[in-house]
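The data block below is target_7.tsv; it holds TSV, C-alpha atoms (C1' of nucleotides).
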```
chain	number	residue	atom	x	y	z
A	1	MET	CA	-21.96	-4.29	7.83
A	2	GLY	CA	-18.78	-3.86	5.84
A	3	VAL	CA	-18.29	-6.50	3.23
A	4	PRO	CA	-21.22	-8.60	1.99
A	5	ASN	CA	-21.05	-12.29	2.84
A	6	ALA	CA	-20.47	-13.42	-0.74
A	7	ALA	CA	-17.54	-13.14	-3.07
A	8	ILE	CA	-17.63	-10.32	-5.58
A	9	GLU	CA	-16.72	-11.38	-9.11
A	10	LEU	CA	-13.99	-9.38	-10.80
A	11	ASP	CA	-13.91	-9.26	-14.58
A	12	ALA	CA	-10.72	-9.04	-16.64
A	13	ILE	CA	-10.86	-5.22	-16.65
A	14	ASP	CA	-11.20	-5.00	-12.87
A	15	GLN	CA	-8.26	-7.38	-12.54
A	16	ARG	CA	-6.03	-5.35	-14.81
A	17	MET	CA	-6.92	-2.18	-12.94
A	18	LEU	CA	-6.19	-3.73	-9.54
A	19	GLU	CA	-2.87	-5.14	-10.74
A	20	ALA	CA	-1.85	-1.76	-12.14
A	21	LEU	CA	-2.80	-0.02	-8.88
A	22	ALA	CA	-0.92	-2.61	-6.82
A	23	ARG	CA	2.21	-1.78	-8.85
A	24	ASN	CA	1.64	1.96	-8.47
A	25	ALA	CA	-1.33	3.31	-6.56
A	26	ARG	CA	-0.63	6.85	-7.76
A	27	ILE	CA	-0.99	6.18	-11.47
A	28	SER	CA	-3.31	8.64	-13.18
A	29	LEU	CA	-6.82	7.74	-14.28
A	30	LYS	CA	-5.65	8.28	-17.82
A	31	GLU	CA	-2.96	5.58	-17.51
A	32	LEU	CA	-5.37	3.35	-15.63
A	33	ALA	CA	-7.87	3.77	-18.46
A	34	GLU	CA	-5.20	2.78	-20.98
A	35	VAL	CA	-4.31	-0.35	-19.01
A	36	ALA	CA	-7.98	-1.23	-18.78
A	37	GLY	CA	-8.79	-0.41	-22.39
A	38	LEU	CA	-11.44	2.13	-21.37
A	39	SER	CA	-12.02	5.87	-21.50
A	40	SER	CA	-11.02	7.90	-18.45
A	41	PRO	CA	-14.59	8.42	-17.24
A	42	SER	CA	-15.22	4.67	-17.37
A	43	ALA	CA	-12.05	3.91	-15.51
A	44	ALA	CA	-13.00	6.47	-12.87
A	45	GLU	CA	-16.42	4.87	-12.53
A	46	ARG	CA	-14.96	1.35	-12.24
A	47	LEU	CA	-12.53	2.53	-9.61
A	48	ARG	CA	-15.30	4.21	-7.66
A	49	ARG	CA	-17.31	0.98	-7.70
A	50	LEU	CA	-14.37	-1.18	-6.64
A	51	GLU	CA	-14.00	1.08	-3.62
A	52	GLU	CA	-17.74	1.16	-2.97
A	53	ARG	CA	-18.00	-2.62	-3.13
A	54	GLY	CA	-15.23	-2.91	-0.57
A	55	VAL	CA	-12.75	-4.70	-2.84
A	56	ILE	CA	-10.27	-1.86	-2.41
A	57	ALA	CA	-9.53	-1.47	1.30
A	58	ALA	CA	-6.99	1.33	0.92
A	59	PHE	CA	-4.41	2.99	-1.25
A	60	THR	CA	-1.29	2.98	0.82
A	61	LEU	CA	2.41	3.47	1.10
A	62	ASP	CA	5.25	1.01	1.53
A	63	ILE	CA	8.23	2.64	3.10
A	64	ALA	CA	11.67	1.00	3.16
A	65	PRO	CA	12.32	0.55	6.89
A	66	GLU	CA	16.09	0.26	6.37
A	67	ALA	CA	16.15	3.67	4.65
A	68	ILE	CA	15.10	5.29	7.91
A	69	GLY	CA	17.36	3.24	10.14
A	70	TYR	CA	15.35	0.12	10.91
A	71	PHE	CA	17.92	-2.39	9.82
A	72	LEU	CA	16.35	-5.35	11.62
A	73	GLN	CA	12.92	-6.93	11.35
A	74	ALA	CA	11.57	-9.76	13.48
A	75	ILE	CA	8.53	-11.96	13.72
A	76	VAL	CA	7.51	-12.59	17.30
A	77	ARG	CA	5.12	-15.27	18.50
A	78	ILE	CA	3.50	-14.31	21.77
A	79	ARG	CA	1.64	-16.48	24.28
A	80	PRO	CA	0.25	-14.36	27.12
A	81	LEU	CA	0.37	-15.76	30.66
A	82	PRO	CA	-3.06	-16.59	32.14
A	83	GLY	CA	-5.12	-13.44	32.64
A	84	GLN	CA	-2.69	-11.26	30.66
A	85	LEU	CA	-4.26	-11.44	27.20
A	86	HIS	CA	-5.76	-7.97	27.08
A	87	VAL	CA	-2.79	-6.30	28.72
A	88	VAL	CA	-0.45	-7.95	26.24
A	89	GLN	CA	-2.65	-6.96	23.31
A	90	ARG	CA	-2.65	-3.34	24.49
A	91	LEU	CA	1.12	-3.43	24.98
A	92	ILE	CA	1.61	-4.64	21.41
A	93	GLN	CA	-0.73	-2.01	20.01
A	94	GLU	CA	1.05	0.74	21.94
A	95	THR	CA	4.52	-0.34	20.82
A	96	PRO	CA	4.94	1.47	17.51
A	97	GLU	CA	7.74	-0.84	16.36
A	98	PHE	CA	5.04	-3.50	15.91
A	99	ILE	CA	3.99	-2.69	12.38
A	100	GLU	CA	1.58	-5.62	12.11
A	101	CYS	CA	0.05	-8.15	14.50
A	102	ASP	CA	-2.47	-10.96	14.12
A	103	LYS	CA	-4.39	-12.89	16.73
A	104	VAL	CA	-4.30	-16.56	15.82
A	105	THR	CA	-5.46	-20.03	16.78
A	106	GLY	CA	-3.02	-22.54	18.19
A	107	GLU	CA	-0.43	-22.40	20.91
A	108	ASP	CA	0.61	-18.86	20.18
A	109	CYS	CA	-1.98	-16.22	20.66
A	110	PHE	CA	-0.40	-13.34	18.75
A	111	ILE	CA	2.03	-13.25	15.85
A	112	GLY	CA	3.55	-9.84	15.29
A	113	ARG	CA	6.07	-8.23	12.98
A	114	LEU	CA	8.33	-5.53	14.27
A	115	VAL	CA	11.08	-3.26	13.05
A	116	VAL	CA	14.03	-2.11	15.18
A	117	ARG	CA	17.22	-0.12	14.79
A	118	SER	CA	19.32	-2.50	16.86
A	119	MET	CA	19.33	-5.71	18.84
A	120	GLY	CA	19.40	-3.55	21.96
A	121	ASP	CA	16.09	-1.96	20.99
A	122	LEU	CA	14.62	-5.39	20.28
A	123	ASP	CA	15.79	-6.61	23.67
A	124	GLY	CA	14.13	-3.67	25.39
A	125	ILE	CA	10.81	-4.27	23.66
A	126	LEU	CA	10.82	-8.02	24.29
A	127	ASP	CA	11.78	-7.58	27.95
A	128	LYS	CA	8.57	-5.66	28.56
A	129	ILE	CA	6.46	-8.30	26.84
A	130	THR	CA	8.23	-11.16	28.58
A	131	GLU	CA	6.92	-9.90	31.93
A	132	ARG	CA	3.44	-10.96	30.78
A	133	ALA	CA	3.90	-13.55	28.04
A	134	GLU	CA	6.11	-16.26	26.62
A	135	THR	CA	7.70	-15.10	23.39
A	136	ASN	CA	9.54	-16.73	20.52
A	137	THR	CA	11.41	-14.45	18.17
A	138	SER	CA	12.61	-15.09	14.62
A	139	MET	CA	14.81	-12.54	12.87
A	140	ILE	CA	13.94	-11.93	9.22
A	141	LYS	CA	16.87	-12.74	6.93
A	142	ALA	CA	15.13	-12.36	3.58
A	143	THR	CA	11.66	-11.98	2.09
A	144	PRO	CA	11.09	-14.56	-0.67
A	145	VAL	CA	7.53	-13.31	-1.23
A	146	LYS	CA	6.99	-9.58	-0.93
A	147	ARG	CA	3.44	-8.57	-0.15
A	148	ARG	CA	1.38	-9.33	-3.27
A	149	LEU	CA	-2.25	-9.58	-4.36
A	150	PRO	CA	-4.08	-12.89	-3.94
A	151	PRO	CA	-5.37	-14.56	-7.12
A	152	LEU	CA	-8.12	-12.35	-8.50
A	153	SER	CA	-9.93	-15.07	-10.43
A	154	ARG	CA	-10.74	-18.67	-9.56
B	155	MET	CA	22.97	-1.11	-4.29
B	156	GLY	CA	19.65	0.28	-3.14
B	157	VAL	CA	19.59	2.05	0.15
B	158	PRO	CA	22.64	3.80	1.65
B	159	ASN	CA	24.00	2.26	4.82
B	160	ALA	CA	22.90	5.11	7.08
B	161	ALA	CA	19.55	6.27	8.31
B	162	ILE	CA	17.97	9.18	6.46
B	163	GLU	CA	16.57	11.87	8.72
B	164	LEU	CA	12.97	12.87	8.14
B	165	ASP	CA	11.85	16.34	9.19
B	166	ALA	CA	8.35	17.15	10.45
B	167	ILE	CA	7.15	17.99	6.94
B	168	ASP	CA	8.38	14.68	5.49
B	169	GLN	CA	6.66	12.88	8.34
B	170	ARG	CA	3.32	14.59	7.76
B	171	MET	CA	3.54	13.82	4.06
B	172	LEU	CA	4.33	10.14	4.63
B	173	GLU	CA	1.51	9.80	7.16
B	174	ALA	CA	-0.95	11.39	4.76
B	175	LEU	CA	0.17	9.11	1.93
B	176	ALA	CA	-0.08	6.04	4.18
B	177	ARG	CA	-3.70	6.98	4.86
B	178	ASN	CA	-4.40	7.58	1.17
B	179	ALA	CA	-1.69	7.12	-1.42
B	180	ARG	CA	-3.89	8.68	-4.12
B	181	ILE	CA	-4.26	12.04	-2.40
B	182	SER	CA	-3.57	14.93	-4.78
B	183	LEU	CA	-0.40	16.99	-4.61
B	184	LYS	CA	-2.58	19.94	-3.74
B	185	GLU	CA	-3.97	18.20	-0.65
B	186	LEU	CA	-0.54	16.84	0.20
B	187	ALA	CA	0.82	20.38	0.02
B	188	GLU	CA	-1.92	21.56	2.40
B	189	VAL	CA	-1.11	18.80	4.90
B	190	ALA	CA	2.56	19.71	4.68
B	191	GLY	CA	2.02	23.47	4.81
B	192	LEU	CA	3.77	23.98	1.48
B	193	SER	CA	2.98	25.04	-2.07
B	194	SER	CA	2.20	22.30	-4.60
B	195	PRO	CA	5.55	22.53	-6.39
B	196	SER	CA	7.41	22.19	-3.08
B	197	ALA	CA	5.33	19.20	-2.08
B	198	ALA	CA	6.01	17.61	-5.49
B	199	GLU	CA	9.74	18.17	-5.04
B	200	ARG	CA	9.73	16.72	-1.51
B	201	LEU	CA	7.82	13.69	-2.74
B	202	ARG	CA	10.28	13.20	-5.60
B	203	ARG	CA	13.19	13.29	-3.16
B	204	LEU	CA	11.58	10.86	-0.73
B	205	GLU	CA	11.28	8.41	-3.61
B	206	GLU	CA	14.78	9.15	-4.88
B	207	ARG	CA	16.28	8.62	-1.43
B	208	GLY	CA	14.56	5.24	-1.22
B	209	VAL	CA	12.35	6.11	1.75
B	210	ILE	CA	9.25	5.40	-0.30
B	211	ALA	CA	9.44	1.84	-1.60
B	212	ALA	CA	6.07	1.86	-3.37
B	213	PHE	CA	2.59	3.28	-3.55
B	214	THR	CA	0.36	0.29	-3.32
B	215	LEU	CA	-3.07	-1.16	-2.88
B	216	ASP	CA	-4.65	-3.05	0.00
B	217	ILE	CA	-7.48	-5.19	-1.18
B	218	ALA	CA	-9.99	-6.76	1.21
B	219	PRO	CA	-9.43	-10.50	0.68
B	220	GLU	CA	-12.86	-11.38	2.09
B	221	ALA	CA	-14.54	-9.15	-0.50
B	222	ILE	CA	-13.30	-11.45	-3.24
B	223	GLY	CA	-14.03	-14.69	-1.45
B	224	TYR	CA	-10.92	-15.31	0.65
B	225	PHE	CA	-12.67	-15.72	3.96
B	226	LEU	CA	-9.75	-17.41	5.70
B	227	GLN	CA	-6.19	-16.29	6.34
B	228	ALA	CA	-3.43	-18.34	7.92
B	229	ILE	CA	0.14	-17.95	9.06
B	230	VAL	CA	2.23	-21.02	8.28
B	231	ARG	CA	5.63	-21.81	9.73
B	232	ILE	CA	7.61	-24.05	7.44
B	233	ARG	CA	10.69	-26.13	8.17
B	234	PRO	CA	11.94	-27.84	5.01
B	235	LEU	CA	13.26	-31.39	5.26
B	236	PRO	CA	17.02	-31.74	4.68
B	237	GLY	CA	17.91	-30.82	1.10
B	238	GLN	CA	14.46	-29.43	0.32
B	239	LEU	CA	15.00	-25.74	1.13
B	240	HIS	CA	15.13	-24.41	-2.41
B	241	VAL	CA	12.32	-26.61	-3.65
B	242	VAL	CA	10.13	-25.49	-0.79
B	243	GLN	CA	10.97	-21.84	-1.37
B	244	ARG	CA	10.02	-22.19	-5.04
B	245	LEU	CA	6.81	-23.98	-4.11
B	246	ILE	CA	5.83	-21.13	-1.80
B	247	GLN	CA	6.66	-18.51	-4.41
B	248	GLU	CA	4.61	-20.33	-7.02
B	249	THR	CA	1.58	-20.73	-4.79
B	250	PRO	CA	-0.30	-17.47	-5.33
B	251	GLU	CA	-2.32	-17.87	-2.13
B	252	PHE	CA	0.91	-17.05	-0.26
B	253	ILE	CA	0.63	-13.27	-0.22
B	254	GLU	CA	3.75	-12.80	1.89
B	255	CYS	CA	6.64	-14.96	3.09
B	256	ASP	CA	9.77	-14.29	5.10
B	257	LYS	CA	12.87	-16.41	5.57
B	258	VAL	CA	13.82	-16.36	9.23
B	259	THR	CA	16.33	-17.51	11.82
B	260	GLY	CA	15.40	-20.17	14.32
B	261	GLU	CA	13.71	-23.52	14.08
B	262	ASP	CA	11.36	-22.48	11.33
B	263	CYS	CA	12.91	-21.50	8.09
B	264	PHE	CA	9.97	-19.72	6.44
B	265	ILE	CA	6.98	-17.91	7.87
B	266	GLY	CA	4.28	-17.22	5.31
B	267	ARG	CA	0.85	-15.66	5.21
B	268	LEU	CA	-1.79	-17.09	2.96
B	269	VAL	CA	-5.37	-16.48	1.99
B	270	VAL	CA	-7.85	-19.23	1.07
B	271	ARG	CA	-11.52	-19.58	0.20
B	272	SER	CA	-12.04	-22.68	2.30
B	273	MET	CA	-10.40	-25.14	4.65
B	274	GLY	CA	-10.39	-27.58	1.76
B	275	ASP	CA	-8.23	-25.24	-0.28
B	276	LEU	CA	-5.90	-24.76	2.68
B	277	ASP	CA	-5.62	-28.51	3.08
B	278	GLY	CA	-4.71	-28.93	-0.57
B	279	ILE	CA	-1.98	-26.30	-0.38
B	280	LEU	CA	-0.50	-27.65	2.86
B	281	ASP	CA	-0.55	-31.24	1.62
B	282	LYS	CA	1.83	-30.30	-1.17
B	283	ILE	CA	4.19	-28.51	1.20
B	284	THR	CA	4.04	-31.32	3.76
B	285	GLU	CA	5.68	-33.66	1.26
B	286	ARG	CA	8.88	-31.63	1.66
B	287	ALA	CA	8.63	-29.77	4.98
B	288	GLU	CA	7.21	-29.77	8.46
B	289	THR	CA	4.53	-27.15	8.80
B	290	ASN	CA	2.70	-25.47	11.64
B	291	THR	CA	-0.42	-23.53	10.75
B	292	SER	CA	-2.21	-20.81	12.73
B	293	MET	CA	-5.54	-19.47	11.49
B	294	ILE	CA	-5.93	-15.70	11.80
B	295	LYS	CA	-8.88	-14.78	14.03
B	296	ALA	CA	-8.34	-11.04	14.22
B	297	THR	CA	-5.76	-8.39	13.40
B	298	PRO	CA	-5.09	-6.19	16.45
B	299	VAL	CA	-2.47	-4.18	14.54
B	300	LYS	CA	-3.22	-3.49	10.90
B	301	ARG	CA	-0.15	-2.78	8.77
B	302	ARG	CA	1.12	0.63	9.87
B	303	LEU	CA	4.18	2.86	9.47
B	304	PRO	CA	7.11	2.43	11.89
B	305	PRO	CA	7.99	5.45	14.05
B	306	LEU	CA	9.33	8.13	11.70
B	307	SER	CA	11.41	9.98	14.30
B	308	ARG	CA	13.61	8.73	17.10
C	309	DG	C1'	-22.21	0.74	-18.30
C	310	DT	C1'	-19.88	3.27	-21.74
C	311	DT	C1'	-18.54	7.23	-24.74
C	312	DG	C1'	-16.81	11.99	-26.48
C	313	DA	C1'	-16.50	16.77	-25.67
C	314	DA	C1'	-16.08	20.71	-22.71
C	315	DA	C1'	-15.42	22.92	-18.36
C	316	DG	C1'	-12.94	22.74	-14.35
C	317	DA	C1'	-9.14	21.28	-11.40
C	318	DC	C1'	-4.60	19.86	-10.75
C	319	DT	C1'	0.37	19.45	-11.93
C	320	DT	C1'	4.51	21.07	-13.81
C	321	DT	C1'	7.69	24.36	-15.50
C	322	DA	C1'	10.29	28.39	-15.09
C	323	DA	C1'	11.68	32.67	-13.23
C	324	DT	C1'	12.64	34.55	-8.71
C	325	DT	C1'	13.94	35.00	-3.63
D	326	DA	C1'	14.57	24.83	-0.55
D	327	DA	C1'	10.77	27.60	-1.17
D	328	DT	C1'	7.38	30.70	-3.80
D	329	DT	C1'	4.19	32.63	-7.60
D	330	DA	C1'	2.30	32.62	-12.11
D	331	DA	C1'	1.39	30.56	-16.40
D	332	DA	C1'	1.25	26.74	-19.48
D	333	DG	C1'	0.14	22.12	-19.91
D	334	DT	C1'	-2.27	18.01	-18.59
D	335	DC	C1'	-5.59	15.36	-16.31
D	336	DT	C1'	-10.16	14.70	-14.17
D	337	DT	C1'	-14.95	15.30	-13.95
D	338	DT	C1'	-19.34	16.39	-15.65
D	339	DC	C1'	-22.91	15.91	-18.87
D	340	DA	C1'	-25.58	14.79	-22.87
D	341	DA	C1'	-26.14	10.79	-25.68
D	342	DC	C1'	-26.25	5.80	-26.78
```
When written as structure tokens, how does the structure in this file appear?
Amino acid sequence: MGVPNAAIELDAIDQRMLEALARNARISLKELAEVAGLSSPSAAERLRRLEERGVIAAFTLDIAPEAIGYFLQAIVRIRPLPGQLHVVQRLIQETPEFIECDKVTGEDCFIGRLVVRSMGDLDGILDKITERAETNTSMIKATPVKRRLPPLSR
Amino acid sequence: MGVPNAAIELDAIDQRMLEALARNARISLKELAEVAGLSSPSAAERLRRLEERGVIAAFTLDIAPEAIGYFLQAIVRIRPLPGQLHVVQRLIQETPEFIECDKVTGEDCFIGRLVVRSMGDLDGILDKITERAETNTSMIKATPVKRRLPPLSR
DNA sequence: GTTGAAAGACTTTAATT
DNA sequence: AATTAAAGTCTTTCAAC
């Protein structure tokens, strides 16, 4: 079921390939092979195995939210009222401005990230949630660490 | 200075292309053209312009942290002690287990996400931060919303 | 698990609408 | 902005180590 219950070891070549793909997932196999110090067929085979072993979850796209009008981002902590957990979870999932949400231990139950075009839009979204949960909202002012890979070796 | 201060409009073709790339950033131009209902050269030109206009920030890689031994993820809220803001920010940036960190309004100053192999590792990382900040840690139990694109049309 | 060589597939250019 | 056709480049297969 999914990922085996033991850490996969990545050698130096795997690490270089993953770092190159994290910088640009659309780089050609030829470039990837150069980075890795391998021939193209070997690089293709390595890549196939990294996917097969479940190390690579996805090749994906980062868009710039502000380029398409989402000038504000917020992190919202959400503590559903008794009996409202599932309804709140569904509400979050069905609100497309939530671009990420985790279920966590502790006082808060959910911690979500959302993008909005205006404070008015944020207010509208939070009003709906506040009917069924306590919320605590922090506006994002800066991002000192942009999404990055975890350490690939111990 | 990066992105223009006005929202770029995305037509239906741009939207289909971005959705396809979010599902698989390594899809070929040929497939992308099929999704978009265009010829390959047109799809290539559209893609070039989406990058040029700053809508596409990056093509990137999602790895599965648990596949390489990071079985635990946490969200940590961090409130530096007076005078310690910059030191704390640097500490976070230099701790590679922090795979993401935002600077926010409100009581907390930073909200970070980190991956660890064990509770012992988490304890070691938090001990260092706790010398200079109050922290509040929530372990991630589930992820009801995996990173996804914001709405691409209004 | 890797390589080099060849066949096949994709991408890019350029002329055109 | 889009298309087709052709040239160029990359990817994949396969025999060999």
Show me a table, sorted first by chain and then by increasing residue number, of the residues of chain B having an atom at most 10 Å from chain D, each with its shortest atom pair and the distance in Å to one decimal, counting all atoms listed in the file and written as JSON lines.
```
{"residue": "B:Leu192", "atom": "CA", "partner": "D:DA327", "partner_atom": "C1'", "distance": 8.3}
{"residue": "B:Ser193", "atom": "CA", "partner": "D:DT328", "partner_atom": "C1'", "distance": 7.4}
{"residue": "B:Ser194", "atom": "CA", "partner": "D:DT328", "partner_atom": "C1'", "distance": 9.9}
{"residue": "B:Pro195", "atom": "CA", "partner": "D:DT328", "partner_atom": "C1'", "distance": 8.8}
{"residue": "B:Ser196", "atom": "CA", "partner": "D:DA327", "partner_atom": "C1'", "distance": 6.6}
{"residue": "B:Glu199", "atom": "CA", "partner": "D:DA326", "partner_atom": "C1'", "distance": 9.4}
{"residue": "B:Arg200", "atom": "CA", "partner": "D:DA326", "partner_atom": "C1'", "distance": 9.5}
```
Worksheet item: Pick from A:Gly37, A:Arg113, A:Ala20, A:Asp102: nearest to chain C, with all atoms listed in the file counted?
Response: A:Gly37
Fit result for chain B on chain A over all paired C-alpha atoms, given as a compact mmCIF listing (two decimals) with C-alpha atoms, in the coordinates of the input:
```
# COMPACT_ATOMS: atom_id res chain seq x y z
CA MET B 155 -21.42 -4.30 8.39
CA GLY B 156 -18.61 -3.92 5.89
CA VAL B 157 -18.30 -6.55 3.26
CA PRO B 158 -21.25 -8.64 2.02
CA ASN B 159 -21.10 -12.32 2.83
CA ALA B 160 -20.50 -13.43 -0.75
CA ALA B 161 -17.57 -13.16 -3.08
CA ILE B 162 -17.65 -10.33 -5.60
CA GLU B 163 -16.73 -11.38 -9.12
CA LEU B 164 -14.00 -9.39 -10.81
CA ASP B 165 -13.92 -9.27 -14.61
CA ALA B 166 -10.72 -9.04 -16.66
CA ILE B 167 -10.86 -5.24 -16.68
CA ASP B 168 -11.20 -5.00 -12.89
CA GLN B 169 -8.27 -7.38 -12.56
CA ARG B 170 -6.02 -5.34 -14.84
CA MET B 171 -6.93 -2.18 -12.96
CA LEU B 172 -6.21 -3.72 -9.55
CA GLU B 173 -2.88 -5.12 -10.75
CA ALA B 174 -1.86 -1.75 -12.13
CA LEU B 175 -2.82 -0.01 -8.89
CA ALA B 176 -0.93 -2.60 -6.83
CA ARG B 177 2.17 -1.77 -8.86
CA ASN B 178 1.62 1.97 -8.48
CA ALA B 179 -1.35 3.31 -6.55
CA ARG B 180 -0.63 6.86 -7.75
CA ILE B 181 -1.01 6.09 -11.45
CA SER B 182 -3.27 8.61 -13.19
CA LEU B 183 -6.79 7.76 -14.29
CA LYS B 184 -5.63 8.32 -17.83
CA GLU B 185 -2.95 5.62 -17.54
CA LEU B 186 -5.34 3.38 -15.64
CA ALA B 187 -7.84 3.78 -18.46
CA GLU B 188 -5.15 2.79 -20.99
CA VAL B 189 -4.26 -0.33 -19.00
CA ALA B 190 -7.93 -1.23 -18.80
CA GLY B 191 -8.72 -0.40 -22.42
CA LEU B 192 -11.36 2.14 -21.42
CA SER B 193 -11.96 5.88 -21.53
CA SER B 194 -10.97 7.92 -18.46
CA PRO B 195 -14.54 8.44 -17.24
CA SER B 196 -15.22 4.69 -17.44
CA ALA B 197 -12.04 3.90 -15.55
CA ALA B 198 -13.00 6.46 -12.89
CA GLU B 199 -16.43 4.87 -12.55
CA ARG B 200 -14.98 1.35 -12.29
CA LEU B 201 -12.54 2.53 -9.65
CA ARG B 202 -15.34 4.19 -7.68
CA ARG B 203 -17.34 0.96 -7.73
CA LEU B 204 -14.40 -1.19 -6.67
CA GLU B 205 -14.04 1.06 -3.63
CA GLU B 206 -17.78 1.15 -3.00
CA ARG B 207 -18.03 -2.63 -3.16
CA GLY B 208 -15.25 -2.91 -0.58
CA VAL B 209 -12.78 -4.68 -2.86
CA ILE B 210 -10.29 -1.87 -2.41
CA ALA B 211 -9.57 -1.46 1.29
CA ALA B 212 -7.01 1.34 0.91
CA PHE B 213 -4.42 3.00 -1.26
CA THR B 214 -1.32 2.96 0.82
CA LEU B 215 2.39 3.46 1.10
CA ASP B 216 5.23 0.99 1.54
CA ILE B 217 8.21 2.63 3.11
CA ALA B 218 11.64 1.00 3.16
CA PRO B 219 12.30 0.54 6.89
CA GLU B 220 16.07 0.26 6.36
CA ALA B 221 16.11 3.67 4.65
CA ILE B 222 15.07 5.28 7.92
CA GLY B 223 17.33 3.25 10.15
CA TYR B 224 15.31 0.12 10.91
CA PHE B 225 17.90 -2.39 9.82
CA LEU B 226 16.33 -5.34 11.62
CA GLN B 227 12.91 -6.94 11.34
CA ALA B 228 11.56 -9.76 13.48
CA ILE B 229 8.51 -11.96 13.72
CA VAL B 230 7.50 -12.59 17.32
CA ARG B 231 5.10 -15.26 18.51
CA ILE B 232 3.49 -14.31 21.78
CA ARG B 233 1.64 -16.46 24.28
CA PRO B 234 0.27 -14.35 27.13
CA LEU B 235 0.39 -15.75 30.66
CA PRO B 236 -3.03 -16.60 32.15
CA GLY B 237 -5.10 -13.44 32.63
CA GLN B 238 -2.68 -11.25 30.67
CA LEU B 239 -4.24 -11.44 27.19
CA HIS B 240 -5.76 -7.97 27.08
CA VAL B 241 -2.80 -6.30 28.72
CA VAL B 242 -0.46 -7.94 26.25
CA GLN B 243 -2.64 -6.96 23.31
CA ARG B 244 -2.63 -3.34 24.48
CA LEU B 245 1.12 -3.44 24.99
CA ILE B 246 1.62 -4.64 21.42
CA GLN B 247 -0.73 -2.01 20.03
CA GLU B 248 1.06 0.73 21.94
CA THR B 249 4.51 -0.34 20.83
CA PRO B 250 4.93 1.46 17.51
CA GLU B 251 7.73 -0.85 16.37
CA PHE B 252 5.04 -3.52 15.92
CA ILE B 253 3.98 -2.70 12.37
CA GLU B 254 1.57 -5.62 12.13
CA CYS B 255 0.04 -8.16 14.51
CA ASP B 256 -2.47 -10.95 14.12
CA LYS B 257 -4.40 -12.89 16.75
CA VAL B 258 -4.30 -16.56 15.85
CA THR B 259 -5.47 -20.04 16.78
CA GLY B 260 -3.04 -22.54 18.22
CA GLU B 261 -0.42 -22.40 20.91
CA ASP B 262 0.60 -18.86 20.16
CA CYS B 263 -1.99 -16.23 20.66
CA PHE B 264 -0.40 -13.34 18.74
CA ILE B 265 2.03 -13.25 15.86
CA GLY B 266 3.54 -9.82 15.29
CA ARG B 267 6.06 -8.23 12.98
CA LEU B 268 8.33 -5.53 14.26
CA VAL B 269 11.08 -3.28 13.05
CA VAL B 270 14.02 -2.13 15.19
CA ARG B 271 17.21 -0.12 14.79
CA SER B 272 19.32 -2.49 16.86
CA MET B 273 19.32 -5.70 18.84
CA GLY B 274 19.40 -3.55 21.95
CA ASP B 275 16.10 -1.96 21.00
CA LEU B 276 14.62 -5.39 20.28
CA ASP B 277 15.78 -6.61 23.67
CA GLY B 278 14.14 -3.67 25.40
CA ILE B 279 10.82 -4.26 23.66
CA LEU B 280 10.82 -8.01 24.31
CA ASP B 281 11.79 -7.58 27.95
CA LYS B 282 8.58 -5.67 28.57
CA ILE B 283 6.46 -8.30 26.84
CA THR B 284 8.25 -11.16 28.60
CA GLU B 285 6.93 -9.91 31.93
CA ARG B 286 3.45 -10.98 30.80
CA ALA B 287 3.91 -13.56 28.03
CA GLU B 288 6.11 -16.25 26.60
CA THR B 289 7.70 -15.10 23.39
CA ASN B 290 9.51 -16.73 20.51
CA THR B 291 11.41 -14.44 18.17
CA SER B 292 12.59 -15.08 14.61
CA MET B 293 14.79 -12.52 12.87
CA ILE B 294 13.91 -11.91 9.22
CA LYS B 295 16.84 -12.74 6.93
CA ALA B 296 15.10 -12.35 3.59
CA THR B 297 11.64 -11.96 2.09
CA PRO B 298 11.08 -14.55 -0.66
CA VAL B 299 7.52 -13.31 -1.23
CA LYS B 300 6.99 -9.57 -0.96
CA ARG B 301 3.42 -8.55 -0.16
CA ARG B 302 1.38 -9.31 -3.27
CA LEU B 303 -2.25 -9.56 -4.38
CA PRO B 304 -4.10 -12.88 -3.94
CA PRO B 305 -5.37 -14.56 -7.13
CA LEU B 306 -8.13 -12.34 -8.51
CA SER B 307 -9.95 -15.07 -10.44
CA ARG B 308 -10.75 -18.65 -9.56
```
Practice prompt. List the neighbours of range 122-138 of chain A out to 8 Å using all atoms listed in the file; skip same-chain residues closer than 6 positions along the sequence, and give me the result as a PyMOL selection string.
Written response: (chain A and resi 74-81+84+88+91+95+116) or (chain B and resi 258-260)
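With distances taken over only C-alpha atoms (C1' of nucleotides), B:Ala197 is the one residue among B:Ala179, B:Ala190, B:Ala211, B:Ala197 lying closest to chain C.
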Sorted by chain and rising residue number, list the residues of chain C at most 8 Å from chain B (counting all atoms listed in the file), each with its closest atom pair and distance in Å to one decimal, as a Markdown table.
```
| residue | atom | partner | partner_atom | distance |
| --- | --- | --- | --- | --- |
| C:DC318 | C1' | B:Lys184 | CA | 7.3 |
| C:DT319 | C1' | B:Leu183 | CA | 7.8 |
| C:DT320 | C1' | B:Pro195 | CA | 7.6 |
```
Discussion item. Using all atoms listed in the file and a distance of at most 7 Å, pull out the residues of chain A that contact chain B, as number ranges by chain.
Written reply: A: 3, 6-9, 21-26, 54-64, 67-69, 93, 96-97, 99-106, 138-151
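You will find C1' of DA317 in chain C at 19.1 Å from CA of Leu47 in chain A.
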